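**Q** Sharing model18.cif here; it has mmCIF, C-alpha atoms.
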data_input
#
loop_
_atom_site.label_atom_id
_atom_site.label_comp_id
_atom_site.auth_asym_id
_atom_site.auth_seq_id
_atom_site.Cartn_x
_atom_site.Cartn_y
_atom_site.Cartn_z
CA MET A 113 64.93 135.76 75.45
CA ARG A 114 64.20 133.07 77.99
CA ARG A 115 66.98 130.76 79.01
CA LEU A 116 67.96 128.16 81.55
CA SER A 117 71.53 127.91 82.78
CA LEU A 118 72.32 124.40 83.94
CA LEU A 119 75.59 124.95 85.68
CA THR A 120 77.80 122.47 87.45
CA LEU A 121 77.93 123.53 91.08
CA PHE A 122 81.49 124.61 91.90
CA ILE A 123 81.49 122.94 95.27
CA TRP A 124 85.29 122.77 95.39
CA ALA A 125 85.53 126.48 96.19
CA SER A 126 85.91 127.29 99.84
CA GLY A 127 84.15 130.01 101.76
CA SER A 128 82.58 131.06 105.02
CA PHE A 129 78.96 131.92 105.61
CA ALA A 130 77.52 134.45 108.01
CA GLN A 131 74.19 132.60 107.91
CA PRO A 132 72.98 129.28 106.49
CA THR A 133 72.57 129.14 102.73
CA PRO A 134 68.98 128.40 101.63
CA LYS A 135 68.55 124.74 100.76
CA SER A 136 67.91 124.79 97.05
CA LEU A 137 69.65 123.66 93.86
CA LEU A 138 67.36 125.69 91.61
CA TRP A 139 67.72 129.49 91.65
CA ARG A 140 65.61 132.01 89.76
CA VAL A 141 67.52 134.96 88.30
CA SER A 142 65.65 138.13 87.31
CA GLY A 143 66.18 141.85 87.36
CA LYS A 144 65.05 145.22 86.13
CA GLY A 145 64.51 145.17 82.39
CA ALA A 146 64.56 141.37 82.14
CA VAL A 147 61.91 140.12 79.71
CA SER A 148 61.68 136.82 81.60
CA PRO A 149 63.69 135.09 84.29
CA SER A 150 66.66 132.78 83.85
CA TYR A 151 67.41 129.83 86.11
CA VAL A 152 70.58 128.37 87.58
CA TYR A 153 70.49 124.71 88.61
CA GLY A 154 73.38 123.13 90.48
CA THR A 155 74.43 119.75 89.09
CA ILE A 156 76.89 117.13 90.28
CA HIS A 157 79.08 114.94 88.09
CA SER A 158 77.40 111.64 88.94
CA ARG A 159 75.45 108.80 87.38
CA ASP A 160 74.02 107.79 90.73
CA GLU A 161 70.23 107.49 90.63
CA ARG A 162 69.91 109.68 93.72
CA ALA A 163 71.23 112.69 91.81
CA PHE A 164 68.30 112.51 89.37
CA GLN A 165 65.55 113.24 91.90
CA PHE A 166 64.41 116.61 90.56
CA GLY A 167 61.34 117.29 92.65
CA ASP A 168 58.47 119.16 91.04
CA SER A 169 60.21 122.41 90.02
CA VAL A 170 63.29 121.70 87.89
CA LEU A 171 61.92 120.10 84.75
CA PRO A 172 58.93 122.50 84.45
CA ALA A 173 61.34 125.45 84.81
CA MET A 174 63.57 123.93 82.15
CA ALA A 175 60.63 123.41 79.79
CA ARG A 176 59.80 127.15 79.94
CA CYS A 177 63.23 128.11 78.66
CA SER A 178 64.64 128.44 75.17
CA ILE A 179 68.35 127.89 75.92
CA VAL A 180 70.01 125.21 78.03
CA ALA A 181 73.54 126.23 79.01
CA GLY A 182 75.84 123.72 80.69
CA GLU A 183 79.37 123.92 81.97
CA LEU A 184 80.43 122.10 78.80
CA ASP A 185 78.53 121.01 75.71
CA LEU A 186 79.98 117.52 75.75
CA GLU A 187 78.19 116.50 72.57
CA ALA A 188 79.73 119.38 70.64
CA THR A 189 83.23 118.67 71.95
CA ARG A 190 83.15 114.87 71.73
CA ALA A 191 84.72 114.82 68.27
CA SER A 192 87.70 116.89 69.40
CA LEU A 193 88.43 115.01 72.64
CA ALA A 194 90.96 112.67 71.02
CA GLY A 195 93.09 115.66 70.03
CA LEU A 196 92.86 117.06 73.56
CA LEU A 197 94.12 113.99 75.39
CA GLY A 198 97.60 115.50 75.36
CA PHE A 199 96.41 118.05 77.93
CA MET A 200 95.84 115.20 80.37
CA MET A 201 99.29 113.68 80.02
CA LEU A 202 102.38 114.52 82.06
CA PRO A 203 105.01 116.50 80.12
CA ASP A 204 108.45 115.33 78.99
CA ASP A 205 107.85 111.61 79.39
CA GLN A 206 107.27 112.02 83.12
CA ARG A 207 105.46 109.31 85.01
CA LEU A 208 103.18 109.63 87.99
CA GLU A 209 105.62 107.92 90.33
CA HIS A 210 108.21 110.64 89.65
CA LEU A 211 106.05 113.07 91.65
CA TYR A 212 106.18 111.02 94.86
CA ARG A 213 108.55 109.68 97.43
CA LYS A 214 108.75 105.89 97.29
CA ARG A 215 106.57 105.24 100.32
CA ASP A 216 103.88 107.66 99.11
CA TRP A 217 103.95 106.17 95.63
CA LYS A 218 103.31 102.73 97.08
CA LEU A 219 100.09 104.05 98.63
CA VAL A 220 98.96 105.70 95.39
CA GLU A 221 99.89 102.72 93.25
CA ALA A 222 98.05 100.30 95.55
CA ALA A 223 94.91 102.47 95.44
CA LEU A 224 95.02 102.67 91.64
CA LYS A 225 95.44 98.93 91.28
CA GLU A 226 92.56 98.32 93.68
CA ARG A 227 90.30 100.74 91.78
CA PHE A 228 91.29 99.92 88.17
CA GLY A 229 92.96 96.53 88.26
CA PRO A 230 95.20 95.80 85.23
CA MET A 231 94.06 99.07 83.63
CA ALA A 232 95.93 101.06 86.31
CA ASN A 233 99.14 100.99 84.24
CA MET A 234 97.45 103.17 81.63
CA LEU A 235 97.11 106.01 84.16
CA TYR A 236 100.77 106.33 85.14
CA ARG A 237 101.43 108.93 82.42
CA MET A 238 98.45 111.10 83.35
CA LYS A 239 98.45 114.25 85.46
CA PRO A 240 97.33 113.57 89.04
CA PHE A 241 94.19 115.71 88.84
CA TYR A 242 92.73 113.62 86.02
CA VAL A 243 93.69 110.39 87.78
CA MET A 244 91.78 111.58 90.84
CA ALA A 245 88.82 112.59 88.64
CA LEU A 246 88.70 109.07 87.19
CA MET A 247 88.86 107.57 90.67
CA THR A 248 85.83 109.55 91.82
CA GLU A 249 83.81 109.58 88.58
CA GLY A 250 80.30 108.30 88.80
CA GLY A 251 79.75 108.58 92.53
CA SER A 252 78.59 105.66 94.61
CA THR A 253 78.31 102.17 93.26
CA GLU A 254 75.15 101.63 95.31
CA GLY A 255 72.05 100.71 93.36
CA GLU A 256 71.44 101.37 89.69
CA GLY A 257 73.20 104.16 87.85
CA ARG A 258 72.28 106.12 84.76
CA GLN A 259 74.09 105.87 81.44
CA ARG A 260 74.95 109.59 81.42
CA MET A 261 76.23 111.98 84.06
CA LEU A 262 73.51 114.24 85.47
CA ASP A 263 74.61 117.40 83.66
CA ALA A 264 74.98 115.56 80.33
CA ASP A 265 71.55 114.00 80.82
CA LEU A 266 69.90 117.38 81.35
CA MET A 267 71.55 118.80 78.24
CA GLU A 268 70.35 115.82 76.23
CA ARG A 269 66.85 116.49 77.54
CA GLY A 270 67.21 120.00 76.17
CA ARG A 271 68.11 118.68 72.73
CA THR A 272 65.17 116.30 72.82
CA ASN A 273 62.90 119.22 73.73
CA GLY A 274 64.15 121.19 70.73
CA GLN A 275 65.92 123.77 72.90
CA ARG A 276 69.20 125.41 71.99
CA VAL A 277 72.04 123.74 73.94
CA ILE A 278 75.34 125.52 74.57
CA GLY A 279 78.43 125.23 76.75
CA LEU A 280 79.68 128.11 78.88
CA GLU A 281 83.28 126.90 78.68
CA THR A 282 85.36 124.95 76.20
CA VAL A 283 87.30 121.81 77.06
CA GLN A 284 90.50 123.73 76.32
CA GLU A 285 89.58 126.39 78.89
CA GLN A 286 88.92 123.76 81.53
CA PHE A 287 92.18 121.98 80.84
CA LYS A 288 94.09 125.26 81.07
CA ALA A 289 92.43 126.02 84.41
CA MET A 290 93.54 122.65 85.76
CA ASP A 291 97.06 123.22 84.42
CA ALA A 292 97.23 126.34 86.60
CA ILE A 293 97.46 123.96 89.59
CA PRO A 294 101.14 122.96 89.98
CA LEU A 295 101.83 119.26 89.48
CA LYS A 296 103.18 118.96 93.02
CA ASP A 297 99.90 120.31 94.39
CA GLN A 298 97.92 117.96 92.15
CA ALA A 299 100.05 115.04 93.35
CA ASN A 300 99.40 116.00 96.97
CA MET A 301 95.65 116.22 96.32
CA LEU A 302 95.69 112.68 94.92
CA LEU A 303 97.83 111.43 97.82
CA GLN A 304 95.51 112.97 100.42
CA HIS A 305 92.53 111.49 98.60
CA VAL A 306 94.15 108.06 98.84
CA LYS A 307 95.35 108.48 102.44
CA GLY A 308 92.00 109.76 103.61
CA GLY A 309 90.24 106.76 102.16
CA GLU A 310 87.44 109.02 100.94
CA GLY A 311 86.32 106.67 98.21
CA ALA A 312 82.69 105.65 98.06
CA ALA A 313 81.94 106.66 101.65
CA GLN A 314 82.78 110.31 101.13
CA LEU A 315 81.10 110.38 97.74
CA ASP A 316 78.00 109.03 99.41
CA ARG A 317 78.16 111.86 101.94
CA MET A 318 78.38 114.32 99.08
CA LEU A 319 75.44 112.75 97.28
CA GLU A 320 73.36 112.69 100.44
CA ALA A 321 74.03 116.40 100.98
CA TYR A 322 73.21 117.04 97.31
CA VAL A 323 69.88 115.20 97.58
CA ARG A 324 69.07 117.28 100.67
CA GLN A 325 70.00 120.37 98.62
CA ASP A 326 72.29 121.32 101.51
CA LEU A 327 74.90 123.57 99.89
CA ASP A 328 76.66 124.30 103.18
CA ALA A 329 77.17 120.58 103.78
CA LEU A 330 78.57 120.19 100.27
CA PHE A 331 81.16 122.89 100.99
CA VAL A 332 82.12 121.10 104.20
CA VAL A 333 82.64 117.75 102.45
CA MET A 334 84.77 119.27 99.72
CA GLY A 335 86.71 121.30 102.27
CA GLU A 336 87.68 118.05 103.98
CA GLN A 337 89.28 116.97 100.71
CA GLY A 338 91.32 120.16 100.59
CA GLY A 339 89.38 121.68 97.71
CA ILE A 340 90.98 123.14 94.63
CA PRO A 341 93.61 125.85 95.21
CA GLN A 342 92.20 129.29 94.45
#
Any chance you could give the structure as structure tokens?
**A**
Amino acid sequence: MRRLSLLTLFIWASGSFAQPTPKSLLWRVSGKGAVSPSYVYGTIHSRDERAFQFGDSVLPAMARCSIVAGELDLEATRASLAGLLGFMMLPDDQRLEHLYRKRDWKLVEAALKERFGPMANMLYRMKPFYVMALMTEGGSTEGEGRQRMLDADLMERGRTNGQRVIGLETVQEQFKAMDAIPLKDQANMLLQHVKGGEGAAQLDRMLEAYVRQDLDALFVVMGEQGGIPQ
């Protein structure tokens, strides 16, 4: 059976490289006994127009496949998201400011108010990781953006093409993986994000590396943010 795996690139992982990684987001996977090859394509959670420059190989490779597999099948899980919001909330009536010293909380609070305005108050019950995800969602504000994130857009293309679309993980599995990161570590990640002033400038660096298909540069940018604890 032919299939295409459209996987989100786990660029948060850290690593060292003995030699430069080939510059490519599309990888062909084949082996002994395989009827036909599969493909892995690295995506980035962004609506920025720059992320949608596929070149001349990605969409033809996708069209040859019968299955499109993403990190999550967002369409299939959309109906259950309301019941999963509890995973994103701090336990036992905690609030975000309880995780910080006063001077650090002032920095975080100021950044949230600058980013979200009056809506910032709605985030004070959320776990720090999801607050940081909301702060960085969508990439740069430069130019025109798409309605969907890149990975969701590709999966919708698969549906339009009549291909089978599946998710490799469930939302519950992803939430549980994030919960494995202690709240204090999550709070520090958010604080460092705010202190470092990464914002749009660092997201632009990430997008530029992504457009160049420079995986090593992507690892460097994410390493500067501290990555996700392994």
**Q** Can you spell out as number ranges by chain the set of residues that the PyMOL selection byres ((chain A and resi 243) around 10) selects in the structure I just provided?
**A** A: 200, 208, 224, 232, 235-242, 244-249, 298-299, 302
**Q** So which one's closest to Arg213 (chain A), A:Phe331, A:Lys296, A:Gln314, A:Val170? Using only C-alpha atoms, please.
**A**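 The answer is A:Lys296, which sits nearest to Arg213 (chain A).
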**Q** Please compute the CA of Leu315 (chain A)-CA of Glu281 (chain A) distance, one decimal, in Å.
**A**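 Between CA of Leu315 (chain A) and CA of Glu281 (chain A) the gap is 25.3 Å.
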**Q** Taking the file as I've supplied it (selection: the PyMOL selection byres ((chain A and resi 258) around 10)), which residues are included? Please answer as a PyMOL selection string.
**A** chain A and resi 158-164+250+256-257+259-262+265
**Q** Using only C-alpha atoms, can you tell me which of A:Thr155, A:Ser142, A:Asn273, A:Ser148 comes closest to Met174 (chain A)?
**A**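 Between A:Thr155, A:Ser142, A:Asn273, A:Ser148, the residue approaching Met174 (chain A) most closely is A:Asn273.
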**Q** Report, in Å to a single decimal, how far apart CA of Gly308 (chain A) and CA of Glu221 (chain A) are.
**A**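 Taking CA of Glu221 (chain A) as the start and CA of Gly308 (chain A) as the end point, the length is 14.8 Å.
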**Q** Could you tell me which residues the PyMOL selection byres ((chain A and resi 275) around 7) grabs in this file, written as a compact mmCIF listing (two decimals) with C-alpha atoms, keeping the file's coordinate frame?
**A**
# COMPACT_ATOMS: atom_id res chain seq x y z
CA SER A 178 64.64 128.44 75.17
CA ILE A 179 68.35 127.89 75.92
CA VAL A 180 70.01 125.21 78.03
CA GLY A 270 67.21 120.00 76.17
CA ARG A 271 68.11 118.68 72.73
CA ASN A 273 62.90 119.22 73.73
CA GLY A 274 64.15 121.19 70.73
CA ARG A 276 69.20 125.41 71.99
CA VAL A 277 72.04 123.74 73.94
**Q** Counting all atoms listed in the file, which of A:Gln304, A:Ile156, A:Arg140, A:Lys225 gets nearest to Leu327 (chain A)?
**A**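 Closest to Leu327 (chain A), using all atoms listed in the file: A:Ile156.
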**Q** Hey, can you check how far CA of Leu219 (chain A) sits from CA of Lys307 (chain A)?
**A**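 Distance reported for this atom pair: 7.5 Å.
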**Q** Out of A:Leu171, A:Ala222, A:Met201, A:Ala321, which residue has the shortest atom-to-atom distance to Asp291 (chain A) when counting only C-alpha atoms?
**A**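 Among A:Leu171, A:Ala222, A:Met201, A:Ala321, it is A:Met201 that comes nearest to Asp291 (chain A).
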**Q** I need the residue nearest Leu303 (chain A) from this list: A:Tyr322, A:Trp217, A:Phe228, A:Phe287. Use all atoms listed in the file for the distance.
**A**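 The shortest atom-to-atom distance to Leu303 (chain A) comes from A:Trp217.
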**Q** Give me, as a Markdown table, each residue of region 166-230 of chain A that comes within 12 Å of region 132-136 of chain A, together with its shortest interatomic pair and the distance in Å at one decimal, counting all atoms listed in the file, with rows ordered by chain and rising residue number.
**A**
| residue | atom | partner | partner_atom | distance |
| --- | --- | --- | --- | --- |
| A:Phe166 | CA | A:Ser136 | CA | 11.0 |
| A:Gly167 | CA | A:Ser136 | CA | 10.9 |
| A:Ser169 | CA | A:Ser136 | CA | 10.7 |
| A:Val170 | CA | A:Ser136 | CA | 10.7 |
**Q** With all atoms listed in the file as the atoms that count, which of A:Met301, A:Met234, A:Leu138, A:Met267 lies nearest to Gly335 (chain A)?
**A**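 Distance minimum relative to Gly335 (chain A) lands on A:Met301.
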